[in-house]
$ cat coords.cif   # mmCIF, C-alpha atoms
data_start
#
loop_
_atom_site.label_atom_id
_atom_site.label_comp_id
_atom_site.auth_asym_id
_atom_site.auth_seq_id
_atom_site.Cartn_x
_atom_site.Cartn_y
_atom_site.Cartn_z
CA GLU A 1 -5.23 69.39 9.45
CA VAL A 2 -2.13 71.45 8.69
CA GLN A 3 1.06 69.84 9.94
CA LEU A 4 4.66 70.99 9.71
CA VAL A 5 7.22 68.48 10.92
CA GLU A 6 10.85 69.51 11.18
CA SER A 7 13.79 67.12 11.32
CA GLY A 8 17.57 67.27 11.37
CA GLU A 9 18.11 68.03 15.03
CA GLY A 10 21.60 67.61 16.36
CA LEU A 11 24.87 68.68 17.93
CA VAL A 12 27.62 69.91 15.62
CA GLN A 13 31.00 71.56 15.98
CA PRO A 14 31.63 75.20 15.12
CA GLY A 15 32.43 75.65 11.44
CA SER A 16 30.50 72.60 10.35
CA SER A 17 27.33 72.23 8.30
CA MET A 18 23.86 70.90 8.87
CA LYS A 19 20.61 70.62 6.93
CA LEU A 20 17.12 70.90 8.37
CA SER A 21 13.96 69.65 6.71
CA CYS A 22 10.30 70.54 7.22
CA VAL A 23 7.65 68.27 5.75
CA ALA A 24 4.27 69.90 5.21
CA SER A 25 0.84 68.33 4.99
CA GLY A 26 -2.80 69.38 5.15
CA PHE A 27 -2.53 72.23 2.65
CA THR A 28 -1.32 72.87 -0.90
CA PHE A 29 2.34 73.42 -0.09
CA SER A 30 3.20 74.80 -3.54
CA ASN A 31 0.80 77.73 -3.06
CA TYR A 32 2.47 79.26 0.00
CA GLY A 33 5.64 80.98 1.01
CA MET A 34 7.53 79.37 3.87
CA ASN A 35 9.77 80.72 6.58
CA TRP A 36 12.37 79.64 9.11
CA ILE A 37 12.39 81.27 12.54
CA ARG A 38 14.73 80.44 15.39
CA GLN A 39 14.82 80.90 19.13
CA ALA A 40 18.04 80.77 21.11
CA PRO A 41 17.74 79.20 24.58
CA LYS A 42 15.68 81.44 26.85
CA LYS A 43 15.61 84.17 24.20
CA GLY A 44 13.02 85.66 21.88
CA LEU A 45 12.04 84.82 18.32
CA GLU A 46 14.24 85.69 15.35
CA TRP A 47 13.05 85.43 11.77
CA ILE A 48 15.85 84.11 9.57
CA ALA A 49 14.58 83.23 6.09
CA LEU A 50 11.65 83.36 3.66
CA ILE A 51 11.13 81.58 0.36
CA TYR A 52 8.29 82.32 -2.04
CA TYR A 53 5.85 79.61 -3.09
CA ASP A 54 7.70 79.06 -6.38
CA SER A 55 11.25 79.69 -5.06
CA SER A 56 11.41 82.84 -7.21
CA SER A 57 12.55 84.95 -4.27
CA LYS A 58 14.46 84.23 -1.10
CA TYR A 59 15.23 86.58 1.80
CA TYR A 60 17.55 86.23 4.76
CA ALA A 61 18.32 87.91 8.04
CA ASP A 62 21.71 89.59 8.07
CA SER A 63 22.79 87.21 10.84
CA VAL A 64 22.66 84.22 8.47
CA LYS A 65 23.09 85.77 5.02
CA GLY A 66 25.83 84.06 3.06
CA ARG A 67 25.91 81.07 5.42
CA PHE A 68 22.36 79.69 5.32
CA THR A 69 20.32 78.70 2.26
CA ILE A 70 16.58 78.20 2.22
CA SER A 71 15.11 75.95 -0.46
CA ARG A 72 12.05 73.85 -1.16
CA ASP A 73 10.92 70.87 -3.17
CA ASN A 74 7.25 71.29 -3.98
CA SER A 75 7.05 67.75 -5.35
CA LYS A 76 7.97 66.47 -1.89
CA ASN A 77 6.10 69.12 0.15
CA THR A 78 9.38 69.82 1.88
CA LEU A 79 11.19 72.94 3.00
CA TYR A 80 14.91 72.93 3.73
CA LEU A 81 17.46 75.04 5.55
CA GLU A 82 21.08 74.36 4.74
CA MET A 83 23.37 75.85 7.37
CA ASN A 84 27.09 76.29 6.78
CA SER A 85 29.91 77.77 8.85
CA LEU A 86 27.90 77.24 11.98
CA ARG A 87 28.71 79.33 15.03
CA SER A 88 27.90 78.94 18.70
CA GLU A 89 25.40 81.79 18.35
CA ASP A 90 23.41 79.67 15.87
CA THR A 91 22.46 77.37 18.75
CA ALA A 92 18.68 77.57 18.84
CA MET A 93 15.35 75.88 18.31
CA TYR A 94 14.51 76.19 14.62
CA TYR A 95 10.89 76.45 13.49
CA CYS A 96 9.42 76.33 10.02
CA ALA A 97 6.26 78.33 9.48
CA LYS A 98 3.67 78.72 6.73
CA ASP A 99 3.31 82.20 5.30
CA ASN A 100 -0.28 83.24 4.67
CA SER A 101 0.65 86.42 2.80
CA GLY A 102 1.02 88.72 5.72
CA TYR A 103 1.23 86.48 8.74
CA LEU A 104 2.55 83.07 9.75
CA ASP A 105 -0.45 80.94 10.54
CA TYR A 106 1.08 77.55 11.28
CA TRP A 107 4.37 76.60 12.92
CA GLY A 108 6.15 73.31 13.31
CA GLN A 109 7.15 71.84 16.65
CA GLY A 110 10.76 72.92 16.17
CA VAL A 111 14.12 71.16 16.09
CA MET A 112 17.08 71.91 18.31
CA VAL A 113 20.42 72.75 16.77
CA THR A 114 23.38 72.92 19.13
CA VAL A 115 26.72 74.24 17.94
CA SER A 116 29.46 73.42 20.39
CA SER A 117 32.93 71.95 20.54
CA ASP B 118 15.05 97.15 10.19
CA ILE B 119 11.75 97.89 11.91
CA MET B 120 12.12 97.79 15.67
CA MET B 121 9.27 96.41 17.75
CA THR B 122 9.00 97.50 21.37
CA GLN B 123 6.67 95.72 23.77
CA SER B 124 5.56 96.75 27.23
CA PRO B 125 5.42 95.59 29.88
CA LEU B 126 7.99 92.81 29.65
CA SER B 127 6.11 90.88 32.31
CA VAL B 128 2.66 91.05 33.84
CA ALA B 129 1.00 89.13 36.66
CA VAL B 130 -2.76 88.82 36.45
CA THR B 131 -5.41 87.42 38.76
CA PRO B 132 -7.49 84.79 36.98
CA GLY B 133 -10.70 86.33 35.71
CA GLU B 134 -9.23 89.79 35.35
CA SER B 135 -8.01 91.48 32.17
CA ALA B 136 -4.54 92.20 30.83
CA SER B 137 -3.24 94.51 28.15
CA ILE B 138 0.03 94.41 26.28
CA SER B 139 1.35 97.26 24.17
CA CYS B 140 3.51 97.09 21.10
CA ARG B 141 5.10 99.98 19.25
CA SER B 142 6.85 99.86 15.90
CA SER B 143 9.59 102.20 14.73
CA LYS B 144 7.80 102.66 11.42
CA SER B 145 4.16 102.63 10.39
CA LEU B 146 3.04 99.11 9.55
CA LEU B 147 0.34 100.35 7.21
CA HIS B 148 0.96 99.15 3.66
CA SER B 149 -0.18 101.09 0.61
CA ASN B 150 -2.75 98.33 0.06
CA GLY B 151 -4.52 99.44 3.23
CA ILE B 152 -3.48 96.43 5.32
CA THR B 153 -1.52 96.85 8.53
CA TYR B 154 0.85 93.94 8.98
CA LEU B 155 0.91 93.48 12.73
CA SER B 156 0.27 90.13 14.39
CA TRP B 157 0.28 88.69 17.89
CA TYR B 158 1.48 85.26 18.98
CA LEU B 159 1.38 83.30 22.22
CA GLN B 160 4.12 80.87 23.09
CA ARG B 161 3.01 78.62 25.90
CA PRO B 162 5.77 76.96 27.96
CA GLU B 163 7.71 74.43 25.92
CA LYS B 164 5.45 74.93 22.89
CA SER B 165 5.68 76.50 19.45
CA PRO B 166 4.28 80.00 18.98
CA GLN B 167 0.57 80.10 18.16
CA LEU B 168 -1.07 82.80 16.05
CA LEU B 169 -3.66 84.78 18.01
CA ILE B 170 -4.33 87.93 15.99
CA TYR B 171 -3.33 89.05 12.51
CA GLN B 172 -3.58 92.42 10.76
CA ILE B 173 -4.18 94.24 14.05
CA SER B 174 -7.51 92.79 15.02
CA ASN B 175 -8.41 89.64 13.11
CA LEU B 176 -8.84 86.65 15.38
CA ALA B 177 -7.07 83.52 14.17
CA SER B 178 -9.08 80.38 13.66
CA GLY B 179 -9.86 78.55 16.87
CA VAL B 180 -8.64 81.37 19.13
CA SER B 181 -10.85 82.41 22.04
CA ASP B 182 -12.73 85.70 21.62
CA ARG B 183 -11.30 86.73 24.99
CA PHE B 184 -8.37 87.92 22.88
CA SER B 185 -8.70 91.16 20.96
CA GLY B 186 -6.34 93.48 19.14
CA SER B 187 -6.48 97.16 18.36
CA GLY B 188 -4.35 100.03 17.19
CA SER B 189 -3.08 101.64 14.05
CA GLY B 190 0.08 102.90 12.41
CA THR B 191 2.77 102.35 15.00
CA ASP B 192 0.85 101.68 18.22
CA PHE B 193 -0.95 98.45 18.98
CA THR B 194 -2.57 96.70 21.91
CA LEU B 195 -3.47 93.13 22.71
CA LYS B 196 -6.17 92.72 25.33
CA ILE B 197 -6.91 89.50 27.12
CA SER B 198 -10.18 89.49 29.03
CA LYS B 199 -11.06 87.07 31.85
CA VAL B 200 -7.57 85.62 31.99
CA GLU B 201 -7.42 81.85 32.37
CA THR B 202 -4.68 79.42 33.33
CA GLU B 203 -4.16 78.45 29.68
CA ASP B 204 -3.22 82.06 28.84
CA VAL B 205 0.11 81.75 30.68
CA GLY B 206 3.08 82.16 28.40
CA ILE B 207 5.00 84.74 26.41
CA TYR B 208 3.21 87.08 24.02
CA TYR B 209 4.99 88.46 20.98
CA CYS B 210 4.01 91.14 18.53
CA VAL B 211 5.59 90.93 15.08
CA GLN B 212 5.61 93.00 11.95
CA PHE B 213 5.18 91.44 8.53
CA LEU B 214 5.32 94.65 6.53
CA GLU B 215 8.83 94.05 5.25
CA VAL B 216 11.75 91.71 5.63
CA PRO B 217 13.42 91.16 7.92
CA TYR B 218 10.27 90.35 9.84
CA THR B 219 10.89 91.52 13.39
CA PHE B 220 9.48 90.45 16.72
CA GLY B 221 9.03 92.30 19.94
CA ALA B 222 11.03 91.05 22.91
CA GLY B 223 8.00 89.32 24.37
CA THR B 224 5.75 89.88 27.35
CA LYS B 225 5.58 87.14 29.96
CA LEU B 226 2.12 86.67 31.43
CA GLU B 227 1.90 84.91 34.77
CA LEU B 228 -0.95 84.32 37.17
CA LYS B 229 -1.09 85.84 40.62
#

$ encode --input "coords.cif" --output "structure tokens"
Amino acid sequence: EVQLVESGEGLVQPGSSMKLSCVASGFTFSNYGMNWIRQAPKKGLEWIALIYYDSSSKYYADSVKGRFTISRDNSKNTLYLEMNSLRSEDTAMYYCAKDNSGYLDYWGQGVMVTVSS
Amino acid sequence: DIMMTQSPLSVAVTPGESASISCRSSKSLLHSNGITYLSWYLQRPEKSPQLLIYQISNLASGVSDRFSGSGSGTDFTLKISKVETEDVGIYYCVQFLEVPYTFGAGTKLELK
């Protein structure tokens, strides 16, 4: 059974940093691209980052480019999202999702990030 | 960026009846490889999004065949037949042709 379990939830002040993790199981993690998607409270879904299976390419939404970094450790079956210079508009539920080369077939349960003073 | 426009934004359906949701993209989602990268997701209340349909009309594993997708190019439709209580939630179309991947605003399905 495919499982994606995010962690790192919390409340932080504007301008600070935070790192999210997503531990994968039930599939060969090193064979698949992975994504982060977020959802602000009572809003729609926003894709924010993609990393290829071998970390050879990384893509970001303009809203997070230069502030967020996606990375992975295939030896630990873990995906990361390092978030710097956090803003109130980054407050959202953050989901990791498995990329099946053209669609996202499995999503984690999500972790809540709140940016507030 | 490719813009995804869904309609309606909300729909109320009597259990047992059908519902249709439309999605339009600002650019054709047909890749040169012949695949059209349009998917549909359902987000039930307080849950993560769940894949329903990928590449226009392919049913995801474990998804009821009451769900079906159709369309081509820039115009797509999700049809839900014999709506059940468990179908309540927000439906999103999304394009995976190019980054940034973009989602429609969502269509909220409620029961009458």

$ closest_atom_pairs --input "coords.cif" --of "range 125-165 of chain B" --to "range 201-216 of chain B" --cutoff "9 Å" --atoms "all atoms listed in the file" --output "Markdown table"
| residue | atom | partner | partner_atom | distance |
| --- | --- | --- | --- | --- |
| B:Ser127 | CA | B:Ile207 | CA | 8.6 |
| B:Thr131 | CA | B:Glu201 | CA | 8.7 |
| B:Pro132 | CA | B:Glu201 | CA | 5.5 |
| B:Gly133 | CA | B:Glu201 | CA | 6.5 |
| B:Glu134 | CA | B:Glu201 | CA | 8.7 |
| B:Ile138 | CA | B:Tyr208 | CA | 8.3 |
| B:Ser139 | CA | B:Cys210 | CA | 8.7 |
| B:Cys140 | CA | B:Cys210 | CA | 6.5 |
| B:Arg141 | CA | B:Cys210 | CA | 8.9 |
| B:Ser142 | CA | B:Gln212 | CA | 8.0 |
| B:Ser145 | CA | B:Leu214 | CA | 8.9 |
| B:Leu146 | CA | B:Leu214 | CA | 5.8 |
| B:Leu147 | CA | B:Leu214 | CA | 7.6 |
| B:His148 | CA | B:Leu214 | CA | 6.9 |
| B:Thr153 | CA | B:Leu214 | CA | 7.5 |
| B:Tyr154 | CA | B:Phe213 | CA | 5.0 |
| B:Leu155 | CA | B:Gln212 | CA | 4.8 |
| B:Ser156 | CA | B:Val211 | CA | 5.4 |
| B:Trp157 | CA | B:Cys210 | CA | 4.5 |
| B:Tyr158 | CA | B:Tyr209 | CA | 5.2 |
| B:Leu159 | CA | B:Tyr208 | CA | 4.6 |
| B:Gln160 | CA | B:Ile207 | CA | 5.2 |
| B:Arg161 | CA | B:Gly206 | CA | 4.3 |
| B:Pro162 | CA | B:Gly206 | CA | 5.9 |

$ write_last_selection --input "coords.cif" --atoms "C-alpha atoms" --output "compact mmCIF listing (two decimals), in the frame of the given file"
# COMPACT_ATOMS: atom_id res chain seq x y z
CA SER B 127 6.11 90.88 32.31
CA THR B 131 -5.41 87.42 38.76
CA PRO B 132 -7.49 84.79 36.98
CA GLY B 133 -10.70 86.33 35.71
CA GLU B 134 -9.23 89.79 35.35
CA ILE B 138 0.03 94.41 26.28
CA SER B 139 1.35 97.26 24.17
CA CYS B 140 3.51 97.09 21.10
CA ARG B 141 5.10 99.98 19.25
CA SER B 142 6.85 99.86 15.90
CA SER B 145 4.16 102.63 10.39
CA LEU B 146 3.04 99.11 9.55
CA LEU B 147 0.34 100.35 7.21
CA HIS B 148 0.96 99.15 3.66
CA THR B 153 -1.52 96.85 8.53
CA TYR B 154 0.85 93.94 8.98
CA LEU B 155 0.91 93.48 12.73
CA SER B 156 0.27 90.13 14.39
CA TRP B 157 0.28 88.69 17.89
CA TYR B 158 1.48 85.26 18.98
CA LEU B 159 1.38 83.30 22.22
CA GLN B 160 4.12 80.87 23.09
CA ARG B 161 3.01 78.62 25.90
CA PRO B 162 5.77 76.96 27.96

$ resolve_selection --input "coords.cif" --expression "the PyMOL selection byres ((chain B) within 7 of (chain A))" --output "ChimeraX atom specification"
/B:154,156,165-166,168,171,213,217-220,222-223

$ write_last_selection --input "coords.cif" --atoms "C-alpha atoms" --output "tab-separated table (two decimals), keeping the file's coordinate frame"
chain	number	residue	atom	x	y	z
B	154	TYR	CA	0.85	93.94	8.98
B	156	SER	CA	0.27	90.13	14.39
B	165	SER	CA	5.68	76.50	19.45
B	166	PRO	CA	4.28	80.00	18.98
B	168	LEU	CA	-1.07	82.80	16.05
B	171	TYR	CA	-3.33	89.05	12.51
B	213	PHE	CA	5.18	91.44	8.53
B	217	PRO	CA	13.42	91.16	7.92
B	218	TYR	CA	10.27	90.35	9.84
B	219	THR	CA	10.89	91.52	13.39
B	220	PHE	CA	9.48	90.45	16.72
B	222	ALA	CA	11.03	91.05	22.91
B	223	GLY	CA	8.00	89.32	24.37

$ resolve_selection --input "coords.cif" --expression "the PyMOL selection byres ((chain A and resi 111-116) around 12)" --output "PDB file with C-alpha atoms, in the coordinates of the input"
ATOM      1  CA  LEU A   4       4.660  70.990   9.710  1.00  0.00           C
ATOM      2  CA  VAL A   5       7.220  68.480  10.920  1.00  0.00           C
ATOM      3  CA  GLU A   6      10.850  69.510  11.180  1.00  0.00           C
ATOM      4  CA  SER A   7      13.790  67.120  11.320  1.00  0.00           C
ATOM      5  CA  GLY A   8      17.570  67.270  11.370  1.00  0.00           C
ATOM      6  CA  GLU A   9      18.110  68.030  15.030  1.00  0.00           C
ATOM      7  CA  GLY A  10      21.600  67.610  16.360  1.00  0.00           C
ATOM      8  CA  LEU A  11      24.870  68.680  17.930  1.00  0.00           C
ATOM      9  CA  VAL A  12      27.620  69.910  15.620  1.00  0.00           C
ATOM     10  CA  GLN A  13      31.000  71.560  15.980  1.00  0.00           C
ATOM     11  CA  PRO A  14      31.630  75.200  15.120  1.00  0.00           C
ATOM     12  CA  GLY A  15      32.430  75.650  11.440  1.00  0.00           C
ATOM     13  CA  SER A  16      30.500  72.600  10.350  1.00  0.00           C
ATOM     14  CA  SER A  17      27.330  72.230   8.300  1.00  0.00           C
ATOM     15  CA  MET A  18      23.860  70.900   8.870  1.00  0.00           C
ATOM     16  CA  LYS A  19      20.610  70.620   6.930  1.00  0.00           C
ATOM     17  CA  LEU A  20      17.120  70.900   8.370  1.00  0.00           C
ATOM     18  CA  SER A  21      13.960  69.650   6.710  1.00  0.00           C
ATOM     19  CA  CYS A  22      10.300  70.540   7.220  1.00  0.00           C
ATOM     20  CA  TRP A  36      12.370  79.640   9.110  1.00  0.00           C
ATOM     21  CA  ILE A  37      12.390  81.270  12.540  1.00  0.00           C
ATOM     22  CA  ARG A  38      14.730  80.440  15.390  1.00  0.00           C
ATOM     23  CA  GLN A  39      14.820  80.900  19.130  1.00  0.00           C
ATOM     24  CA  ALA A  40      18.040  80.770  21.110  1.00  0.00           C
ATOM     25  CA  PRO A  41      17.740  79.200  24.580  1.00  0.00           C
ATOM     26  CA  LEU A  81      17.460  75.040   5.550  1.00  0.00           C
ATOM     27  CA  MET A  83      23.370  75.850   7.370  1.00  0.00           C
ATOM     28  CA  ASN A  84      27.090  76.290   6.780  1.00  0.00           C
ATOM     29  CA  SER A  85      29.910  77.770   8.850  1.00  0.00           C
ATOM     30  CA  LEU A  86      27.900  77.240  11.980  1.00  0.00           C
ATOM     31  CA  ARG A  87      28.710  79.330  15.030  1.00  0.00           C
ATOM     32  CA  SER A  88      27.900  78.940  18.700  1.00  0.00           C
ATOM     33  CA  GLU A  89      25.400  81.790  18.350  1.00  0.00           C
ATOM     34  CA  ASP A  90      23.410  79.670  15.870  1.00  0.00           C
ATOM     35  CA  THR A  91      22.460  77.370  18.750  1.00  0.00           C
ATOM     36  CA  ALA A  92      18.680  77.570  18.840  1.00  0.00           C
ATOM     37  CA  MET A  93      15.350  75.880  18.310  1.00  0.00           C
ATOM     38  CA  TYR A  94      14.510  76.190  14.620  1.00  0.00           C
ATOM     39  CA  TYR A  95      10.890  76.450  13.490  1.00  0.00           C
ATOM     40  CA  CYS A  96       9.420  76.330  10.020  1.00  0.00           C
ATOM     41  CA  TRP A 107       4.370  76.600  12.920  1.00  0.00           C
ATOM     42  CA  GLY A 108       6.150  73.310  13.310  1.00  0.00           C
ATOM     43  CA  GLN A 109       7.150  71.840  16.650  1.00  0.00           C
ATOM     44  CA  GLY A 110      10.760  72.920  16.170  1.00  0.00           C
ATOM     45  CA  SER A 117      32.930  71.950  20.540  1.00  0.00           C
TER      46      SER A 117
ATOM     47  CA  LYS B 164       5.450  74.930  22.890  1.00  0.00           C
ATOM     48  CA  SER B 165       5.680  76.500  19.450  1.00  0.00           C
TER      49      SER B 165
END

$ atom_distance --input "coords.cif" --atom1 "CA of Met34 in chain A" --atom2 "CA of Asn150 in chain B"
21.9 Å

$ residues_around --input "coords.cif" --residues "Leu176 in chain B" --least-positions-apart "2" --cutoff "12 Å" --atoms "all atoms listed in the file" --output "list in words"
Asp105 of chain A; Ser156, Trp157, Tyr158, Gln167, Leu168, Leu169, Ile170, Tyr171, Gln172, Ile173, Ser174, Ser178, Gly179, Val180, Ser181, Asp182, Arg183, Phe184, Ser185, Gly186, Ser187, Leu195 and Lys196 of chain B

$ resolve_selection --input "coords.cif" --expression "the PyMOL selection byres ((chain A and resi 27) around 12)" --output "PDB file with C-alpha atoms, in the frame of the given file"
ATOM      1  CA  GLU A   1      -5.230  69.390   9.450  1.00  0.00           C
ATOM      2  CA  VAL A   2      -2.130  71.450   8.690  1.00  0.00           C
ATOM      3  CA  GLN A   3       1.060  69.840   9.940  1.00  0.00           C
ATOM      4  CA  LEU A   4       4.660  70.990   9.710  1.00  0.00           C
ATOM      5  CA  VAL A  23       7.650  68.270   5.750  1.00  0.00           C
ATOM      6  CA  ALA A  24       4.270  69.900   5.210  1.00  0.00           C
ATOM      7  CA  SER A  25       0.840  68.330   4.990  1.00  0.00           C
ATOM      8  CA  GLY A  26      -2.800  69.380   5.150  1.00  0.00           C
ATOM      9  CA  THR A  28      -1.320  72.870  -0.900  1.00  0.00           C
ATOM     10  CA  PHE A  29       2.340  73.420  -0.090  1.00  0.00           C
ATOM     11  CA  SER A  30       3.200  74.800  -3.540  1.00  0.00           C
ATOM     12  CA  ASN A  31       0.800  77.730  -3.060  1.00  0.00           C
ATOM     13  CA  TYR A  32       2.470  79.260   0.000  1.00  0.00           C
ATOM     14  CA  ASN A  74       7.250  71.290  -3.980  1.00  0.00           C
ATOM     15  CA  ASN A  77       6.100  69.120   0.150  1.00  0.00           C
ATOM     16  CA  LYS A  98       3.670  78.720   6.730  1.00  0.00           C
ATOM     17  CA  ASP A  99       3.310  82.200   5.300  1.00  0.00           C
ATOM     18  CA  ASN A 100      -0.280  83.240   4.670  1.00  0.00           C
ATOM     19  CA  ASP A 105      -0.450  80.940  10.540  1.00  0.00           C
ATOM     20  CA  TYR A 106       1.080  77.550  11.280  1.00  0.00           C
TER      21      TYR A 106
END

$ atom_distance --input "coords.cif" --atom1 "CA of Thr191 in chain B" --atom2 "CA of Met121 in chain B"
9.2 Å

$ atom_distance --input "coords.cif" --atom1 "CA of Asp192 in chain B" --atom2 "CA of Ala177 in chain B"
20.2 Å

$ closest_residue --input "coords.cif" --among "B:Ser189, B:Leu228, B:Gly221, B:Val200" --to "Gln123 in chain B" --atoms "only C-alpha atoms"
B:Gly221

$ axis_aligned_box --input "coords.cif" --around "range 130-135 of chain B" --padding-each-side "4 Å" --output "lines of an AutoDock Vina configuration file"
center_x = -6.7
center_y = 88.1
center_z = 35.5
size_x = 15.9
size_y = 14.7
size_z = 14.6
